[in-house]
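What follows is model_25.cif (mmCIF, C-alpha atoms).
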data_start
#
loop_
_atom_site.label_atom_id
_atom_site.label_comp_id
_atom_site.auth_asym_id
_atom_site.auth_seq_id
_atom_site.Cartn_x
_atom_site.Cartn_y
_atom_site.Cartn_z
CA MET A 1274 16.73 22.99 184.78
CA VAL A 1275 17.53 21.64 188.25
CA LEU A 1276 17.70 17.87 188.44
CA ASN A 1277 17.98 15.75 191.56
CA LYS A 1278 20.30 12.72 191.75
CA SER A 1279 17.84 10.17 190.34
CA GLY A 1280 16.74 12.64 187.65
CA ARG A 1281 20.35 13.18 186.61
CA PHE A 1282 20.97 9.43 186.55
CA LYS A 1283 17.92 8.92 184.33
CA ARG A 1284 19.08 11.66 181.98
CA ILE A 1285 22.58 10.19 181.67
CA ARG A 1286 21.11 6.71 181.15
CA ASN A 1287 18.80 8.01 178.39
CA ILE A 1288 21.62 9.86 176.62
CA THR A 1289 23.84 6.74 176.82
CA LEU A 1290 21.06 4.58 175.40
CA VAL A 1291 20.50 6.99 172.50
CA ILE A 1292 24.24 7.09 171.73
CA LEU A 1293 24.45 3.28 171.90
CA PHE A 1294 21.44 3.00 169.59
CA TRP A 1295 23.07 5.17 166.92
CA PHE A 1296 26.39 3.34 167.27
CA ALA A 1297 24.47 0.10 166.72
CA VAL A 1298 22.84 1.59 163.59
CA TRP A 1299 26.29 2.66 162.39
CA GLN A 1300 27.69 -0.83 163.04
CA ILE A 1301 24.80 -2.48 161.19
CA VAL A 1302 25.11 -0.14 158.19
CA SER A 1303 28.86 -0.76 157.99
CA LEU A 1304 28.23 -4.51 158.11
CA ILE A 1305 25.64 -4.25 155.32
CA VAL A 1306 27.89 -2.05 153.14
CA ASN A 1307 30.85 -4.25 154.05
CA GLN A 1308 33.39 -1.86 152.49
CA PRO A 1309 35.56 -0.02 155.03
CA LEU A 1310 36.53 2.46 152.32
CA LEU A 1311 32.92 3.63 152.06
CA MET A 1312 31.64 3.04 155.59
CA PRO A 1313 34.17 2.12 158.28
CA SER A 1314 32.74 0.48 161.38
CA PRO A 1315 32.81 2.16 164.81
CA SER A 1316 35.65 -0.16 165.90
CA GLU A 1317 37.78 0.76 162.83
CA THR A 1318 37.06 4.43 163.46
CA PHE A 1319 38.01 4.22 167.13
CA SER A 1320 41.18 2.26 166.37
CA SER A 1321 42.10 4.97 163.84
CA LEU A 1322 41.34 7.62 166.47
CA GLY A 1323 43.49 5.75 168.97
CA MET A 1324 46.43 5.88 166.58
CA LEU A 1325 45.87 9.59 165.98
CA LEU A 1326 45.70 10.38 169.70
CA VAL A 1327 49.31 9.38 170.27
CA THR A 1328 50.67 11.69 167.57
CA SER A 1329 51.79 15.28 168.21
CA LYS A 1330 50.31 16.23 164.81
CA PHE A 1331 46.82 15.44 166.15
CA TRP A 1332 47.14 17.63 169.23
CA LEU A 1333 48.80 20.49 167.35
CA SER A 1334 46.06 20.37 164.70
CA VAL A 1335 43.35 20.36 167.36
CA ALA A 1336 45.05 23.23 169.22
CA PHE A 1337 45.47 25.42 166.12
CA THR A 1338 41.91 24.81 164.88
CA PHE A 1339 40.58 25.52 168.36
CA TYR A 1340 42.61 28.73 168.46
CA ARG A 1341 41.18 29.82 165.08
CA VAL A 1342 37.61 29.13 166.26
CA VAL A 1343 38.14 31.09 169.49
CA PHE A 1344 39.91 33.95 167.68
CA GLY A 1345 37.20 34.14 165.01
CA LEU A 1346 34.43 34.04 167.61
CA ALA A 1347 36.14 36.68 169.76
CA ILE A 1348 36.47 39.10 166.82
CA SER A 1349 32.81 38.46 165.88
CA VAL A 1350 31.57 39.01 169.44
CA VAL A 1351 33.52 42.24 169.94
CA THR A 1352 32.83 43.81 166.53
CA GLY A 1353 29.21 42.62 166.49
CA ILE A 1354 28.39 44.01 169.93
CA VAL A 1355 30.34 47.27 169.59
CA LEU A 1356 28.94 48.07 166.14
CA ALA A 1357 25.40 47.16 167.26
CA PHE A 1358 25.65 49.58 170.20
CA MET A 1359 26.98 52.29 167.88
CA ALA A 1360 24.27 51.59 165.29
CA SER A 1361 21.58 51.75 167.98
CA ARG A 1362 22.63 55.34 168.60
CA SER A 1363 23.26 56.34 164.99
CA ALA A 1364 20.62 55.76 162.33
CA ALA A 1365 23.20 56.67 159.69
CA LEU A 1366 25.56 53.87 160.79
CA ASP A 1367 22.63 51.44 160.98
CA ASN A 1368 21.60 52.34 157.42
CA LEU A 1369 25.20 51.96 156.30
CA LEU A 1370 25.70 48.55 157.90
CA ARG A 1371 22.29 47.02 157.19
CA PRO A 1372 22.90 46.20 153.49
CA VAL A 1373 26.44 44.95 154.25
CA VAL A 1374 25.16 42.61 156.96
CA ALA A 1375 22.32 41.43 154.70
CA ALA A 1376 24.78 40.81 151.84
CA ILE A 1377 27.20 38.87 154.07
CA LYS A 1378 24.31 36.80 155.47
CA SER A 1379 23.25 35.63 152.03
CA THR A 1380 26.77 35.07 150.67
CA PRO A 1381 27.58 31.34 150.37
CA VAL A 1382 30.30 30.21 152.81
CA MET A 1383 32.37 28.85 149.92
CA SER A 1384 32.41 32.26 148.18
CA ILE A 1385 33.69 33.80 151.40
CA ILE A 1386 36.41 31.17 151.75
CA VAL A 1387 37.55 31.42 148.13
CA LEU A 1388 37.65 35.20 148.39
CA ALA A 1389 39.60 35.00 151.64
CA LEU A 1390 42.10 32.65 149.96
CA VAL A 1391 42.90 35.45 147.53
CA TRP A 1392 43.21 38.08 150.24
CA PHE A 1393 44.85 36.44 153.27
CA SER A 1394 47.50 33.97 154.36
CA GLU A 1395 46.29 30.35 154.63
CA SER A 1396 46.30 30.53 158.40
CA PHE A 1397 44.02 33.57 158.61
CA VAL A 1398 41.49 32.40 155.99
CA PRO A 1399 39.58 30.19 158.51
CA VAL A 1400 39.44 33.03 161.04
CA PHE A 1401 38.16 35.46 158.43
CA SER A 1402 35.51 33.00 157.23
CA CYS A 1403 34.39 32.45 160.81
CA VAL A 1404 34.12 36.21 161.40
CA LEU A 1405 32.14 36.82 158.23
CA LEU A 1406 29.74 34.06 159.16
CA CYS A 1407 29.33 34.91 162.85
CA PHE A 1408 29.63 38.71 162.93
CA PRO A 1409 26.22 39.36 161.28
CA ILE A 1410 24.54 37.07 163.81
CA PHE A 1411 26.09 38.87 166.80
CA TYR A 1412 25.38 42.26 165.22
CA THR A 1413 21.71 41.65 164.43
CA ASN A 1414 20.99 39.81 167.68
CA THR A 1415 22.61 42.52 169.80
CA LEU A 1416 20.82 45.27 167.89
CA THR A 1417 17.50 43.46 168.35
CA GLY A 1418 18.32 43.12 172.06
CA ILE A 1419 19.09 46.82 172.42
CA ARG A 1420 15.88 47.74 170.62
CA SER A 1421 13.86 45.43 172.83
CA VAL A 1422 15.02 47.11 176.05
CA SER A 1423 11.82 48.01 177.86
CA GLY A 1424 10.93 51.68 177.43
CA ASN A 1425 8.99 51.41 180.69
CA LEU A 1426 12.14 50.44 182.61
CA LEU A 1427 14.15 53.23 180.98
CA GLU A 1428 11.43 55.74 181.90
CA MET A 1429 11.35 54.44 185.46
CA SER A 1430 15.15 54.83 185.70
CA ALA A 1431 14.88 58.36 184.30
CA VAL A 1432 12.21 59.43 186.80
CA PHE A 1433 14.27 58.12 189.71
CA ARG A 1434 17.36 59.80 188.26
CA VAL A 1435 19.43 56.65 188.12
CA ARG A 1436 22.85 57.46 186.70
CA ARG A 1437 23.41 56.70 183.02
CA LYS A 1438 26.30 54.31 183.76
CA ARG A 1439 24.09 52.29 186.09
CA VAL A 1440 21.21 52.26 183.60
CA ILE A 1441 23.57 50.74 181.02
CA LYS A 1442 24.95 48.20 183.51
CA GLU A 1443 21.75 47.29 185.33
CA VAL A 1444 18.99 47.77 182.74
CA ILE A 1445 20.37 47.72 179.20
CA ILE A 1446 23.07 45.04 179.47
CA PRO A 1447 20.87 42.48 181.29
CA SER A 1448 18.19 43.02 178.61
CA VAL A 1449 20.67 42.53 175.76
CA LEU A 1450 22.62 39.57 177.21
CA PRO A 1451 20.01 36.86 176.41
CA HIS A 1452 20.17 37.95 172.76
CA VAL A 1453 23.99 37.73 172.81
CA TYR A 1454 23.81 34.26 174.40
CA SER A 1455 21.40 33.15 171.71
CA ALA A 1456 23.84 34.42 169.03
CA LEU A 1457 26.65 32.57 170.78
CA SER A 1458 24.60 29.39 170.80
CA VAL A 1459 24.07 29.57 167.02
CA CYS A 1460 27.64 30.67 166.28
CA LEU A 1461 29.38 27.93 168.28
CA GLY A 1462 28.28 25.36 165.72
CA PHE A 1463 28.78 27.69 162.75
CA SER A 1464 32.28 28.65 163.82
CA TRP A 1465 33.54 25.06 163.88
CA LYS A 1466 31.92 24.28 160.55
CA SER A 1467 33.24 27.40 158.83
CA VAL A 1468 36.76 27.15 160.27
CA VAL A 1469 37.17 23.49 159.34
CA ALA A 1470 35.66 24.06 155.86
CA ALA A 1471 38.06 26.97 155.30
CA GLU A 1472 40.98 24.88 156.54
CA VAL A 1473 40.13 22.15 154.02
CA LEU A 1474 40.52 24.69 151.22
CA SER A 1475 43.34 26.83 152.60
CA SER A 1476 45.29 23.90 154.11
CA PRO A 1477 47.27 25.57 156.89
CA LYS A 1478 50.05 23.29 158.19
CA TYR A 1479 48.45 22.43 161.51
CA SER A 1480 44.69 22.21 161.14
CA MET A 1481 41.92 19.67 161.49
CA GLY A 1482 40.59 20.71 158.08
CA PHE A 1483 43.88 19.94 156.35
CA ASN A 1484 43.93 16.50 157.97
CA LEU A 1485 40.40 15.90 156.72
CA TYR A 1486 41.57 16.84 153.23
CA ALA A 1487 44.55 14.49 153.54
CA THR A 1488 42.29 11.56 154.48
CA LYS A 1489 40.39 12.14 151.25
CA LEU A 1490 43.64 12.16 149.24
CA TYR A 1491 44.76 8.85 150.79
CA LEU A 1492 41.23 7.39 150.81
CA ASN A 1493 41.57 6.84 154.55
CA THR A 1494 37.87 6.92 155.43
CA ALA A 1495 38.34 5.55 158.96
CA GLU A 1496 40.62 8.48 159.77
CA LEU A 1497 38.12 10.88 158.17
CA PHE A 1498 35.49 9.52 160.55
CA ALA A 1499 37.95 9.79 163.47
CA TRP A 1500 38.65 13.47 162.72
CA THR A 1501 34.94 14.18 162.28
CA LEU A 1502 34.18 12.50 165.61
CA THR A 1503 36.89 14.62 167.24
CA ILE A 1504 35.37 17.83 165.84
CA ILE A 1505 31.91 16.87 167.09
CA VAL A 1506 33.19 15.95 170.57
CA ILE A 1507 35.28 19.13 170.99
CA SER A 1508 32.42 21.31 169.71
CA LEU A 1509 30.06 19.68 172.24
CA ILE A 1510 32.57 20.05 175.09
CA VAL A 1511 33.02 23.76 174.28
CA GLU A 1512 29.25 24.27 174.15
CA LYS A 1513 28.65 22.47 177.45
CA GLY A 1514 31.63 24.24 179.05
CA LEU A 1515 30.29 27.65 178.04
CA LYS A 1516 26.86 26.71 179.30
CA GLY A 1517 28.44 26.01 182.68
CA ILE A 1518 30.28 29.33 182.77
CA LEU A 1519 27.43 31.56 181.64
CA PRO A 1520 24.80 32.72 184.15
CA LYS A 1521 21.71 30.57 184.72
CA GLY A 1522 18.89 31.12 182.27
CA ASN A 1523 21.18 31.48 179.22
CA THR A 1524 19.82 30.03 176.04
CA LEU A 1525 22.84 27.87 175.21
CA MET B 1293 3.38 77.62 196.21
CA SER B 1294 1.94 75.31 193.62
CA ILE B 1295 2.51 73.34 190.46
CA ARG B 1296 1.00 75.54 187.76
CA ILE B 1297 -0.39 74.10 184.56
CA ASP B 1298 -1.22 76.82 182.11
CA SER B 1299 -3.21 76.52 178.90
CA LEU B 1300 -2.18 72.92 178.39
CA THR B 1301 -3.13 71.37 175.07
CA LYS B 1302 -2.36 67.75 174.39
CA LYS B 1303 -3.41 65.86 171.31
CA PHE B 1304 -3.59 62.15 170.55
CA ALA B 1305 -3.95 61.20 166.88
CA GLY B 1306 -5.32 64.61 166.06
CA ARG B 1307 -7.91 64.50 168.86
CA ALA B 1308 -7.45 66.95 171.72
CA LEU B 1309 -7.23 65.21 175.10
CA PHE B 1310 -6.64 68.54 176.85
CA ASP B 1311 -7.71 71.75 175.18
CA HIS B 1312 -6.15 74.77 176.87
CA ILE B 1313 -6.76 73.57 180.41
CA SER B 1314 -5.25 75.40 183.37
CA LEU B 1315 -4.99 74.30 186.98
CA ASP B 1316 -2.99 74.72 190.15
CA ILE B 1317 -1.86 71.80 192.24
CA PRO B 1318 -0.87 72.84 195.75
CA LEU B 1319 2.46 71.79 197.26
CA ASP B 1320 2.79 70.17 200.71
CA LYS B 1321 -0.57 68.46 200.30
CA THR B 1322 -2.05 65.30 198.89
CA THR B 1323 -4.12 66.05 195.83
CA VAL B 1324 -6.39 63.38 194.47
CA MET B 1325 -6.93 63.47 190.73
CA ALA B 1326 -10.25 61.93 189.81
CA GLY B 1327 -12.04 61.41 186.54
CA SER B 1328 -13.48 58.80 184.23
CA SER B 1329 -11.33 56.26 182.39
CA GLY B 1330 -9.44 57.80 179.49
CA CYS B 1331 -9.89 61.38 180.69
CA GLY B 1332 -6.11 61.85 180.77
CA LYS B 1333 -5.15 61.36 184.42
CA THR B 1334 -2.10 59.22 183.62
CA THR B 1335 -1.12 61.53 180.76
CA LEU B 1336 -1.24 64.52 183.08
CA LEU B 1337 0.96 62.70 185.63
CA ARG B 1338 3.46 61.89 182.86
CA ILE B 1339 3.48 65.52 181.73
CA ILE B 1340 4.11 66.69 185.29
CA ALA B 1341 6.90 64.12 185.68
CA GLY B 1342 8.53 65.38 182.48
CA LEU B 1343 8.10 62.04 180.72
CA ASP B 1344 5.82 63.50 178.07
CA ARG B 1345 6.97 66.76 176.54
CA ASP B 1346 4.84 66.66 173.43
CA TYR B 1347 2.27 69.32 174.38
CA ASP B 1348 1.50 73.02 174.08
CA GLY B 1349 1.21 75.29 177.10
CA SER B 1350 3.37 75.41 180.18
CA VAL B 1351 3.98 73.41 183.32
CA SER B 1352 5.90 75.15 186.08
CA GLY B 1353 6.76 74.79 189.74
CA VAL B 1354 7.39 71.04 189.54
CA PRO B 1355 9.83 70.05 192.30
CA GLU B 1356 13.22 68.73 191.22
CA ARG B 1357 13.16 65.33 192.89
CA ILE B 1358 10.23 63.14 191.85
CA SER B 1359 9.16 59.66 192.86
CA PHE B 1360 6.59 57.85 190.74
CA MET B 1361 4.52 54.75 191.27
CA PHE B 1362 3.43 53.88 187.76
CA GLN B 1363 0.25 52.11 186.78
CA GLU B 1364 2.44 49.15 185.72
CA ASP B 1365 4.88 47.67 188.24
CA ARG B 1366 7.98 48.35 186.12
CA LEU B 1367 10.21 46.03 188.15
CA LEU B 1368 13.55 44.81 186.83
CA PRO B 1369 12.84 41.10 186.16
CA TRP B 1370 16.45 40.04 186.92
CA TYR B 1371 16.51 41.76 190.31
CA SER B 1372 15.05 40.53 193.59
CA VAL B 1373 12.53 42.47 195.66
CA TYR B 1374 15.38 43.95 197.72
CA GLN B 1375 17.48 44.85 194.68
CA ASN B 1376 14.53 46.46 192.89
CA ILE B 1377 14.03 48.86 195.79
CA GLU B 1378 17.77 49.37 196.25
CA PHE B 1379 18.04 50.24 192.54
CA VAL B 1380 16.53 53.72 193.02
CA LEU B 1381 18.47 54.47 196.22
CA LYS B 1382 22.06 53.59 195.30
CA ASP B 1383 22.81 57.07 193.92
CA VAL B 1384 21.20 58.99 196.76
CA MET B 1385 22.36 57.37 200.02
CA GLY B 1386 25.15 55.33 201.59
CA ARG B 1387 25.13 51.57 201.89
CA THR B 1388 24.27 51.32 205.60
CA GLN B 1389 21.47 53.85 205.48
CA MET B 1390 20.13 52.23 202.31
CA HIS B 1391 20.07 48.82 203.95
CA ASP B 1392 18.00 50.16 206.85
CA VAL B 1393 15.64 52.10 204.58
CA VAL B 1394 15.03 49.12 202.28
CA ASN B 1395 14.39 46.68 205.13
CA GLU B 1396 12.09 49.14 206.85
CA ILE B 1397 9.95 49.75 203.77
CA ILE B 1398 9.84 46.03 202.94
CA ALA B 1399 8.45 45.41 206.41
CA ALA B 1400 6.00 48.30 206.02
CA VAL B 1401 4.53 46.84 202.81
CA GLN B 1402 4.40 43.40 204.47
CA LEU B 1403 6.95 41.72 202.24
CA THR B 1404 9.41 40.57 204.90
CA GLY B 1405 10.65 37.10 203.97
CA HIS B 1406 10.26 37.78 200.25
CA GLU B 1407 13.35 40.00 199.87
CA ASP B 1408 15.27 37.55 197.68
CA LYS B 1409 12.42 36.61 195.38
CA LEU B 1410 12.41 37.62 191.72
CA PRO B 1411 9.31 39.44 190.40
CA SER B 1412 8.40 36.32 188.40
CA LYS B 1413 7.89 34.49 191.72
CA LEU B 1414 5.53 37.16 193.14
CA SER B 1415 1.78 37.56 192.87
CA GLY B 1416 0.31 40.65 191.21
CA GLY B 1417 -0.45 42.24 194.56
CA MET B 1418 3.07 41.59 195.84
CA LYS B 1419 4.64 43.14 192.75
CA ARG B 1420 2.41 46.14 193.27
CA ARG B 1421 3.70 46.46 196.83
CA VAL B 1422 7.32 46.30 195.64
CA ALA B 1423 6.57 49.15 193.24
CA MET B 1424 4.89 50.99 196.11
CA ALA B 1425 7.85 50.39 198.43
CA ARG B 1426 10.23 51.68 195.75
CA ALA B 1427 8.18 54.85 195.28
CA PHE B 1428 7.68 55.45 199.02
CA CYS B 1429 11.31 55.04 200.07
CA CYS B 1430 12.88 57.22 197.39
CA PRO B 1431 13.63 60.66 198.86
CA ALA B 1432 11.58 63.06 196.73
CA ASP B 1433 9.81 66.41 196.89
CA LEU B 1434 6.90 65.17 194.79
CA LEU B 1435 5.30 61.74 194.80
CA LEU B 1436 3.13 60.74 191.86
CA LEU B 1437 0.89 57.73 192.39
CA ASP B 1438 -1.04 56.17 189.55
CA GLU B 1439 -3.69 53.76 190.84
CA PRO B 1440 -1.49 52.66 193.76
CA PHE B 1441 -4.08 50.51 195.52
CA LYS B 1442 -5.33 48.64 192.46
CA GLY B 1443 -5.33 44.87 192.84
CA PHE B 1444 -5.21 44.73 196.66
CA ASP B 1445 -7.82 42.89 198.71
CA ALA B 1446 -9.86 44.92 201.22
CA LYS B 1447 -7.58 44.26 204.23
CA LEU B 1448 -4.36 44.94 202.33
CA LYS B 1449 -5.85 48.05 200.77
CA SER B 1450 -6.75 49.48 204.15
CA ASP B 1451 -3.26 48.63 205.50
CA MET B 1452 -1.55 50.29 202.54
CA ILE B 1453 -3.79 53.35 202.75
CA ALA B 1454 -2.89 53.61 206.45
CA LEU B 1455 0.80 53.38 205.54
CA PHE B 1456 0.36 56.06 202.89
CA GLU B 1457 -1.44 58.31 205.37
CA ARG B 1458 1.31 57.84 207.96
CA LEU B 1459 4.15 58.51 205.52
CA TYR B 1460 2.66 61.24 203.38
CA VAL B 1461 -0.68 62.72 204.37
CA LYS B 1462 0.19 63.38 208.01
CA THR B 1463 3.62 64.74 207.13
CA ASN B 1464 2.25 67.21 204.59
CA LYS B 1465 4.30 66.00 201.65
CA THR B 1466 3.39 66.84 198.07
CA VAL B 1467 1.53 63.97 196.49
CA ILE B 1468 -0.59 63.70 193.38
CA LEU B 1469 -2.70 60.58 193.55
CA VAL B 1470 -4.70 59.11 190.71
CA THR B 1471 -7.26 56.60 191.86
CA HIS B 1472 -10.64 55.12 191.16
CA ASP B 1473 -10.91 53.97 194.77
CA ASP B 1474 -13.21 55.74 197.15
CA ILE B 1475 -10.47 57.21 199.30
CA ALA B 1476 -11.16 60.83 198.54
CA GLY B 1477 -10.86 61.59 202.23
CA LEU B 1478 -7.13 61.18 201.90
CA GLY B 1479 -6.73 64.20 199.72
CA ARG B 1480 -7.42 67.60 201.03
CA ASP B 1481 -7.81 68.73 197.41
CA ILE B 1482 -9.59 66.88 194.68
CA ILE B 1483 -9.13 67.69 191.02
CA ASP B 1484 -11.99 66.53 188.86
CA LEU B 1485 -10.31 66.24 185.50
CA ASP B 1486 -13.60 65.51 183.72
CA GLY B 1487 -14.99 68.77 185.09
CA ILE B 1488 -11.91 70.77 184.07
CA ARG B 1489 -11.95 69.33 180.56
CA SER B 1490 -15.70 69.94 180.05
CA MET B 1491 -15.43 73.50 181.33
CA LYS B 1492 -12.94 74.26 178.59
CA ALA B 1493 -15.06 72.42 176.03
#
Here is a file; write its structure as structure tokens.
Amino acid sequence: MVLNKSGRFKRIRNITLVILFWFAVWQIVSLIVNQPLLMPSPSETFSSLGMLLVTSKFWLSVAFTFYRVVFGLAISVVTGIVLAFMASRSAALDNLLRPVVAAIKSTPVMSIIVLALVWFSESFVPVFSCVLLCFPIFYTNTLTGIRSVSGNLLEMSAVFRVRRKRVIKEVIIPSVLPHVYSALSVCLGFSWKSVVAAEVLSSPKYSMGFNLYATKLYLNTAELFAWTLTIIVISLIVEKGLKGILPKGNTL
Amino acid sequence: MSIRIDSLTKKFAGRALFDHISLDIPLDKTTVMAGSSGCGKTTLLRIIAGLDRDYDGSVSGVPERISFMFQEDRLLPWYSVYQNIEFVLKDVMGRTQMHDVVNEIIAAVQLTGHEDKLPSKLSGGMKRRVAMARAFCCPADLLLLDEPFKGFDAKLKSDMIALFERLYVKTNKTVILVTHDDIAGLGRDIIDLDGIRSMKA
């Protein structure tokens, strides 16, 4: 969507008003509850966040969690797309993978994490959980994209004897990309949730999830809110950043 | 020299569309294929182009290089007018020559100024002209046209027919043209597919 200057200003003003509204609701609820242990106020949360921001532990935790999210997403993207392309050419591979993908899709995230705890080191558990959650989405979306490539366009390319390499690059890939973007859009949120959830259970040394777990142990609810706010903000920044990088018309 | 179709039988859902039909289509001429709706004109074009191989009988003498203007526009939605035409030329000519050929044909189909537009920004008639430009500029020994002038207003239709005459009819190139329009004068040979089918029946 192309917005002019006044349109952009209106949009920013509306978003700011919405955010301020929800902060006001939060403030009111915390005043009504009047127990910082149960519902810290925005000011308590931000002061806790301020204290976290000056520690190296905070930045290392953010960096390592971010790395696990990116690593998990990268593995999911590559395996999902490659296997989908292979399955589109081999019915046998498709038949072989279909029940596995269906089983992974309906497996509860917690089962995956607990299983990963048995199999892998605490640092790799979040990555593995992210892959198991995101891979099926990339696989099925890419496969759907490949199958939706217009037969008419492929026929046209065949009649005009367009080289196979160019058909893949100029017909198939542009048809599949919107499906991959849509998978990416879904998985960006999932990846953060699954990685942090897995970190809570596996407790790697530097991780946002472990810090969340620690706040529960010490009943430090303000810090729990501060970490949660950080996760939301980083997740949004990543999503907006990717939207800026990807070509226009993406579904992010 | 001709394209020879011999004892062609083609079935759709158990019903025979063609039942052992045979015909010759001359080379170096424009042949108009006429017939009522559903008589199999498009199917026959697809068989000649090698896009449909599910038939009995034989088709021989089809030139190697074919250009095809389909009944649907079949434009790449992510490519501009220029890129859609360029798409079929990249493998057959150099960049400079291609640039000249594309610009020339865009001007010929009266689309100058619309080169950078995506198909979604074009009217039905404009899309049709892009498909026509793509088919006309591709170097080929056989041009197949399926309802090429459908959807044009009277003036545009006469302009496009004139262009077709200039590029193909007067230069004695091999063209098979399917049309409902009354432009039978264009073809020196007319194949009445209804007649051929009923003769066999």
**Request:** Kindly resolve the PyMOL selection byres ((chain B) within 10 of (chain A)) on the present coordinates and return the residues as a list in words.
**Result:** Arg1338, Ala1341, Gly1342, Leu1343, Arg1357, Ile1358, Ser1359, Phe1360, Met1361, Phe1362, Glu1364, Asp1365, Arg1366, Leu1367, Leu1368, Pro1369, Trp1370, Tyr1371, Phe1379, Val1380, Leu1381, Lys1382, Asp1383, Val1384, Arg1426, Ala1427, Cys1430, Pro1431 and Ala1432 of chain B
**Hits of the PyMOL selection byres ((chain B and resi 1347-1354) around 6) in this structure, as an MDAnalysis selection string** = chainID B and resid 1295:1302 1345:1346 1355
Decode the PyMOL selection byres ((chain B and resi 1467-1473) around 8) for the given file into explicit residues and return them as an mmCIF file with C-alpha atoms, in the coordinates of the input.
data_model
loop_
_atom_site.group_PDB
_atom_site.id
_atom_site.type_symbol
_atom_site.label_atom_id
_atom_site.label_comp_id
_atom_site.auth_asym_id
_atom_site.auth_seq_id
_atom_site.Cartn_x
_atom_site.Cartn_y
_atom_site.Cartn_z
ATOM 1 C CA LEU B 1319 2.460 71.790 197.260
ATOM 2 C CA ASP B 1320 2.790 70.170 200.710
ATOM 3 C CA LYS B 1321 -0.570 68.460 200.300
ATOM 4 C CA THR B 1322 -2.050 65.300 198.890
ATOM 5 C CA THR B 1323 -4.120 66.050 195.830
ATOM 6 C CA VAL B 1324 -6.390 63.380 194.470
ATOM 7 C CA MET B 1325 -6.930 63.470 190.730
ATOM 8 C CA ALA B 1326 -10.250 61.930 189.810
ATOM 9 C CA GLY B 1327 -12.040 61.410 186.540
ATOM 10 C CA LYS B 1333 -5.150 61.360 184.420
ATOM 11 C CA THR B 1334 -2.100 59.220 183.620
ATOM 12 C CA LEU B 1337 0.960 62.700 185.630
ATOM 13 C CA LEU B 1434 6.900 65.170 194.790
ATOM 14 C CA LEU B 1435 5.300 61.740 194.800
ATOM 15 C CA LEU B 1436 3.130 60.740 191.860
ATOM 16 C CA LEU B 1437 0.890 57.730 192.390
ATOM 17 C CA ASP B 1438 -1.040 56.170 189.550
ATOM 18 C CA GLU B 1439 -3.690 53.760 190.840
ATOM 19 C CA PRO B 1440 -1.490 52.660 193.760
ATOM 20 C CA PHE B 1441 -4.080 50.510 195.520
ATOM 21 C CA TYR B 1460 2.660 61.240 203.380
ATOM 22 C CA LYS B 1465 4.300 66.000 201.650
ATOM 23 C CA THR B 1466 3.390 66.840 198.070
ATOM 24 C CA ASP B 1474 -13.210 55.740 197.150
ATOM 25 C CA ILE B 1475 -10.470 57.210 199.300
ATOM 26 C CA ALA B 1476 -11.160 60.830 198.540
#
**Message:** Neighbouring residues of range 1382-1392 of chain A were defined as those with any atom within 7 Å, considering all atoms listed in the file; residues of the same chain fewer than 6 positions away were excluded. Please report them as a VMD selection string.
**Reply:** chain A and resid 1398 1401 to 1402 1471 1475
**CA of Ile1518 in chain A to CA of Ile1354 in chain A, distance in Å rounded to a single decimal** = 19.6 Å
Extract, using all atoms listed in the file, all DNA, RNA and protein residues at most 12 Å from Val1351 in chain A, discarding same-chain residues fewer than 4 positions from it, and format them as a compact mmCIF listing (two decimals) with C-alpha atoms, keeping the file's coordinate frame.
# COMPACT_ATOMS: atom_id res chain seq x y z
CA PHE A 1344 39.91 33.95 167.68
CA GLY A 1345 37.20 34.14 165.01
CA LEU A 1346 34.43 34.04 167.61
CA ALA A 1347 36.14 36.68 169.76
CA VAL A 1355 30.34 47.27 169.59
CA LEU A 1356 28.94 48.07 166.14
CA ALA A 1357 25.40 47.16 167.26
CA PHE A 1358 25.65 49.58 170.20
CA VAL A 1404 34.12 36.21 161.40
CA CYS A 1407 29.33 34.91 162.85
CA PHE A 1408 29.63 38.71 162.93
CA PRO A 1409 26.22 39.36 161.28
CA PHE A 1411 26.09 38.87 166.80
CA TYR A 1412 25.38 42.26 165.22
CA THR A 1415 22.61 42.52 169.80
CA VAL A 1453 23.99 37.73 172.81
CA LEU A 1457 26.65 32.57 170.78
**Request:** Could you jot down the CA of Phe1331 in chain A to CA of Glu1472 in chain A separation for me, Å, one decimal place?
**Result:**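 Taking CA of Phe1331 in chain A and CA of Glu1472 in chain A, their separation equals 14.7 Å.
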**Request:** Kindly give the distance, in Å, that separates CA of Ser1396 in chain A and CA of Ile1504 in chain A, rounded to a single decimal.
**Result:**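 Between CA of Ser1396 in chain A and CA of Ile1504 in chain A the gap works out to 18.3 Å.
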**Request:** Compute the distance from (23.6, 30.7, 171.2) to each atom, counting only C-alpha atoms, keep the residues with any atom at most 10 Å away, and return them as a PyMOL selection string; use the coordinates of the file.
**Result:** chain A and resi 1410-1411+1451-1462+1512+1516+1523-1525
**Item:** Nearest to Trp1500 in chain A, chosen from A:Val1373, A:Trp1332, A:Ser1379, A:Leu1366, with all atoms listed in the file counted in the distances
**Value:**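 Smallest distance to Trp1500 in chain A is found for A:Trp1332.
The list of residues with at least one atom within 9 Å of Arg1421 in chain B, based on only C-alpha atoms and without residues fewer than 2 positions apart in the same chain, reads Asp1365, Ile1398, Val1401, Gln1402, Leu1403, Gly1416, Gly1417, Met1418, Lys1419, Ala1423, Met1424, Ala1425, Arg1426, Pro1440, Phe1441 and Met1452 of chain B.
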Would you compute an axis-aligned box for range 1293-1307 of chain A, covering every atom listed for it in the file with 6 Å of margin on each side, and report centre and edge lengths in Å to one decimal as JSON?
{"center_x": 26.1, "center_y": 0.3, "center_z": 162.5, "size_x": 21.4, "size_y": 21.7, "size_z": 30.8}
